[in-house]
Each structure stands twice: as structure tokens, then as C-alpha cells.
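Listing of data.txt; format and content: compact mmCIF, C-alpha atoms.
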# COMPACT_ATOMS: atom_id res chain seq x y z
CA MET V 1 25.81 -73.31 30.84
CA ALA V 2 26.45 -69.68 29.94
CA ILE V 3 26.21 -68.65 33.59
CA ILE V 4 28.93 -71.09 34.58
CA PHE V 5 31.16 -69.95 31.70
CA GLN V 6 30.77 -66.31 32.68
CA ARG V 7 31.85 -67.13 36.22
CA ILE V 8 34.94 -69.08 35.12
CA ILE V 9 36.47 -66.02 33.48
CA PRO V 10 36.68 -64.00 36.74
CA ALA V 11 38.27 -67.02 38.45
CA LYS V 12 40.93 -67.13 35.73
CA GLN V 13 41.50 -63.39 36.13
CA ILE V 14 41.98 -63.85 39.87
CA LEU V 15 44.50 -66.64 39.32
CA LYS V 16 46.47 -64.64 36.73
CA ARG V 17 46.73 -61.68 39.08
CA ILE V 18 47.66 -63.67 42.17
CA LEU V 19 49.73 -66.71 41.28
CA PRO V 20 52.58 -65.40 39.11
CA SER V 21 53.80 -62.98 41.76
CA SER V 22 53.04 -65.08 44.82
CA PRO V 23 55.91 -66.98 46.48
CA VAL V 24 53.38 -69.34 48.09
CA SER V 25 52.64 -70.89 44.71
CA VAL V 26 56.05 -72.60 44.73
CA ASN V 27 54.77 -75.38 47.03
CA VAL V 28 51.56 -75.97 45.10
CA PRO V 29 51.30 -79.06 42.88
CA LYS V 30 50.49 -78.56 39.22
CA GLY V 31 46.74 -78.34 38.64
CA HIS V 32 46.06 -76.94 42.13
CA VAL V 33 45.63 -73.51 43.65
CA PRO V 34 46.20 -72.27 47.21
CA VAL V 35 43.29 -70.57 48.98
CA TYR V 36 42.94 -69.07 52.43
CA VAL V 37 39.68 -69.77 54.22
CA GLY V 38 38.16 -68.31 57.35
CA GLU V 39 36.25 -65.38 58.70
CA THR V 40 38.79 -64.11 61.24
CA GLN V 41 41.71 -66.54 61.27
CA LYS V 42 42.70 -67.79 57.85
CA LYS V 43 43.81 -71.35 57.13
CA ARG V 44 45.59 -72.35 53.92
CA PHE V 45 44.14 -75.09 51.71
CA VAL V 46 45.38 -76.37 48.36
CA ILE V 47 42.56 -77.39 46.06
CA PRO V 48 42.32 -78.75 42.50
CA ILE V 49 41.70 -76.06 39.90
CA SER V 50 38.72 -78.11 38.66
CA TYR V 51 36.80 -77.01 41.80
CA LEU V 52 36.75 -73.43 40.50
CA LYS V 53 34.21 -74.24 37.79
CA HIS V 54 31.71 -75.95 40.11
CA PRO V 55 28.56 -73.83 40.76
CA SER V 56 28.80 -74.21 44.55
CA PHE V 57 32.40 -73.02 44.50
CA GLN V 58 31.43 -70.19 42.16
CA ASN V 59 29.14 -68.88 44.91
CA LEU V 60 32.10 -68.72 47.29
CA LEU V 61 34.17 -66.94 44.63
CA SER V 62 31.39 -64.38 44.23
CA GLN V 63 31.41 -63.77 47.98
CA ALA V 64 35.18 -63.34 47.89
CA GLU V 65 34.90 -60.88 45.01
CA GLU V 66 32.24 -58.86 46.86
CA GLU V 67 34.32 -58.72 50.03
CA PHE V 68 37.84 -58.31 48.66
CA GLY V 69 37.57 -57.52 44.94
CA PHE V 70 40.78 -58.57 43.22
CA ASP V 71 42.99 -57.14 45.97
CA HIS V 72 43.26 -60.02 48.43
CA PRO V 73 44.89 -59.11 51.75
CA LEU V 74 47.07 -62.23 51.95
CA GLY V 75 48.22 -62.07 48.33
CA VAL V 76 46.35 -65.26 47.41
CA LEU V 77 42.71 -66.12 46.91
CA THR V 78 40.88 -65.59 50.21
CA ILE V 79 37.43 -67.08 50.77
CA PRO V 80 35.27 -65.52 53.51
CA CYS V 81 33.46 -68.52 54.96
CA THR V 82 33.97 -70.83 57.92
CA GLU V 83 36.45 -73.67 57.62
CA ASP V 84 33.67 -76.17 58.29
CA THR V 85 31.61 -74.83 55.38
CA PHE V 86 34.63 -74.96 53.08
CA ILE V 87 35.56 -78.49 54.15
CA ASP V 88 31.98 -79.69 53.65
CA LEU V 89 31.94 -78.17 50.16
CA THR V 90 35.29 -79.63 49.12
CA CYS V 91 34.33 -83.05 50.50
CA SER V 92 31.12 -83.02 48.45
CA LEU V 93 33.05 -81.94 45.34
CA ASN V 94 35.64 -84.66 45.94
CA CYS V 95 32.93 -87.32 46.18
CA SER V 96 31.08 -86.22 43.04
Please rewrite the model in this file as C-alpha cells.
Amino acid sequence: MAIIFQRIIPAKQILKRILPSSPVSVNVPKGHVPVYVGETQKKRFVIPISYLKHPSFQNLLSQAEEEFGFDHPLGVLTIPCTEDTFIDLTCSLNCS
């Protein structure tokens, strides 16, 4: 449990740094966060904030931190994986 809790804090730090200044957050429903996904071309997804605490999603956040740090090129959370991988993950989280 402690590992998951330690990983939630960086996710909250990312959100605090990105969302208040981002104009894209205007069109995001309450309780959701916009993310850009893709290796070369980025596609925008809006996901529930609850996904951020899931261990599988935490792995993606770690990859994003390694690649981009807290300075994301698009001004919002960017996840460096294929769209198919991201969609598979979010579908499995939605079903659980």
C-alpha cells in the first residue's frame, strides 16, 4: 500500500503544475484530467482522476516522468505509449 501512496503524490504534483495554467482544462468535466497519448503523434483523452491511483496507470506515469519530467511539451500530462496500449489499459480499468 505504501508504494501506491508514494506514487500518488507525484501524480498530484503533476496535476497541480499543469491544470491551473492550462486553457485545455476548461473543457474537462469535474473529476477528470486530460492526457495526451502517443509516441509520435499525440491524441487527447479525458480520463477519470481515479485512474491515476491504479498500479498499471502508475507505471505509465513513471514512464512519462522519466521521459518528460514535469515539463510536458504540450502543457498537459503526456504519456509515451501507443494509443492501443493506452486504450487497452483504460478499458481494463473501466471494467474493474
**Prompt:** To one decimal place, how far is atom CA of Val46 of chain V from atom CA of Gly31 of chain V in Å?
**Reply:**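 The value is 10.0 Å.
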**Request:** Find the residues near segment 74-89 of chain V: any atom within 6 Å, counting all atoms listed in the file, skip ones fewer than 4 places away on the same chain, and give them as JSON, numbers by chain.
**Result:** {"V": [18, 35, 36, 37, 38, 39, 64]}
**Asked** To one decimal place, how far is atom CA of Asn27 of chain V from atom CA of Gln63 of chain V in Å?
**Response**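 For atom CA of Asn27 of chain V relative to atom CA of Gln63 of chain V, the distance reads 26.1 Å.
Using only C-alpha atoms, the residues found no farther than 7 Å from His32 of chain V, other than those of its own chain fewer than 3 positions away, are Val28, Pro29, Val46, Ile47, Pro48 and Ile49 of chain V.
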Go ahead and dump the residues you just picked, C-alpha atoms, as a tab-separated table (two decimals), in the coordinates of the input.
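Listing of selection_12.tsv after writing:
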chain	number	residue	atom	x	y	z
V	28	VAL	CA	51.56	-75.97	45.10
V	29	PRO	CA	51.30	-79.06	42.88
V	46	VAL	CA	45.38	-76.37	48.36
V	47	ILE	CA	42.56	-77.39	46.06
V	48	PRO	CA	42.32	-78.75	42.50
V	49	ILE	CA	41.70	-76.06	39.90
**Message:** So the first atom is atom CA of Gly69 of chain V and the second is atom CA of Leu93 of chain V; what is the distance between them in Å, to one decimal place?
**Reply:**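 If I compute the distance from atom CA of Gly69 of chain V to atom CA of Leu93 of chain V, I get 24.8 Å.
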Save segment 85-96 of chain V from what I just supplied, as a short mmCIF file (atom, residue, chain, number, x, y, z; two decimals), in the first residue's frame, atoms limited to all heavy atoms.
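Written out: part_7.cif:
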data_model
loop_
_atom_site.label_atom_id
_atom_site.label_comp_id
_atom_site.auth_asym_id
_atom_site.auth_seq_id
_atom_site.Cartn_x
_atom_site.Cartn_y
_atom_site.Cartn_z
N THR V 85 -2.15 0.59 -26.56
CA THR V 85 -1.80 0.20 -25.20
C THR V 85 -2.61 0.99 -24.19
O THR V 85 -3.15 0.44 -23.23
CB THR V 85 -0.29 0.43 -24.95
OG1 THR V 85 0.46 -0.32 -25.89
CG2 THR V 85 0.11 0.05 -23.54
N PHE V 86 -2.73 2.30 -24.42
CA PHE V 86 -3.48 3.16 -23.52
C PHE V 86 -4.97 2.78 -23.50
O PHE V 86 -5.59 2.70 -22.44
CB PHE V 86 -3.31 4.63 -23.92
CG PHE V 86 -3.95 5.58 -22.97
CD1 PHE V 86 -3.35 5.90 -21.77
CD2 PHE V 86 -5.18 6.16 -23.27
CE1 PHE V 86 -3.95 6.78 -20.88
CE2 PHE V 86 -5.78 7.03 -22.39
CZ PHE V 86 -5.17 7.35 -21.19
N ILE V 87 -5.53 2.54 -24.66
CA ILE V 87 -6.94 2.17 -24.75
C ILE V 87 -7.19 0.84 -24.06
O ILE V 87 -8.18 0.68 -23.33
CB ILE V 87 -7.42 2.15 -26.22
CG1 ILE V 87 -7.44 3.59 -26.76
CG2 ILE V 87 -8.78 1.47 -26.35
CD1 ILE V 87 -7.64 3.68 -28.25
N ASP V 88 -6.30 -0.13 -24.26
CA ASP V 88 -6.43 -1.42 -23.57
C ASP V 88 -6.41 -1.24 -22.06
O ASP V 88 -7.22 -1.83 -21.34
CB ASP V 88 -5.31 -2.38 -23.99
CG ASP V 88 -5.47 -2.89 -25.41
OD1 ASP V 88 -6.57 -2.75 -25.99
OD2 ASP V 88 -4.48 -3.41 -25.96
N LEU V 89 -5.49 -0.41 -21.58
CA LEU V 89 -5.38 -0.17 -20.14
C LEU V 89 -6.64 0.50 -19.61
O LEU V 89 -7.20 0.07 -18.61
CB LEU V 89 -4.15 0.69 -19.83
CG LEU V 89 -4.03 1.14 -18.38
CD1 LEU V 89 -3.86 -0.06 -17.44
CD2 LEU V 89 -2.88 2.11 -18.22
N THR V 90 -7.10 1.56 -20.27
CA THR V 90 -8.27 2.26 -19.76
C THR V 90 -9.53 1.39 -19.84
O THR V 90 -10.39 1.48 -18.96
CB THR V 90 -8.51 3.59 -20.51
OG1 THR V 90 -8.57 3.37 -21.90
CG2 THR V 90 -7.40 4.58 -20.19
N CYS V 91 -9.61 0.54 -20.84
CA CYS V 91 -10.76 -0.38 -20.93
C CYS V 91 -10.74 -1.38 -19.75
O CYS V 91 -11.77 -1.65 -19.16
CB CYS V 91 -10.75 -1.13 -22.25
SG CYS V 91 -11.29 -0.14 -23.64
N SER V 92 -9.55 -1.87 -19.44
CA SER V 92 -9.47 -2.82 -18.31
C SER V 92 -9.76 -2.11 -16.99
O SER V 92 -10.36 -2.71 -16.10
CB SER V 92 -8.09 -3.50 -18.28
OG SER V 92 -7.08 -2.59 -17.91
N LEU V 93 -9.35 -0.86 -16.85
CA LEU V 93 -9.65 -0.11 -15.62
C LEU V 93 -11.13 0.21 -15.53
O LEU V 93 -11.72 0.21 -14.45
CB LEU V 93 -8.85 1.19 -15.58
CG LEU V 93 -7.34 1.06 -15.45
CD1 LEU V 93 -6.69 2.43 -15.49
CD2 LEU V 93 -6.96 0.32 -14.19
N ASN V 94 -11.75 0.48 -16.67
CA ASN V 94 -13.18 0.79 -16.71
C ASN V 94 -14.02 -0.42 -16.34
O ASN V 94 -15.08 -0.28 -15.73
CB ASN V 94 -13.55 1.30 -18.10
CG ASN V 94 -14.87 2.05 -18.10
OD1 ASN V 94 -15.25 2.63 -17.11
ND2 ASN V 94 -15.54 1.99 -19.22
N CYS V 95 -13.55 -1.61 -16.71
CA CYS V 95 -14.30 -2.83 -16.43
C CYS V 95 -14.11 -3.33 -15.01
O CYS V 95 -14.92 -4.09 -14.51
CB CYS V 95 -13.87 -3.93 -17.40
SG CYS V 95 -14.36 -3.59 -19.10
N SER V 96 -13.02 -2.90 -14.35
CA SER V 96 -12.77 -3.41 -12.99
C SER V 96 -13.42 -2.59 -11.91
O SER V 96 -14.02 -1.61 -12.08
CB SER V 96 -11.27 -3.47 -12.72
OG SER V 96 -10.67 -2.21 -12.82
#
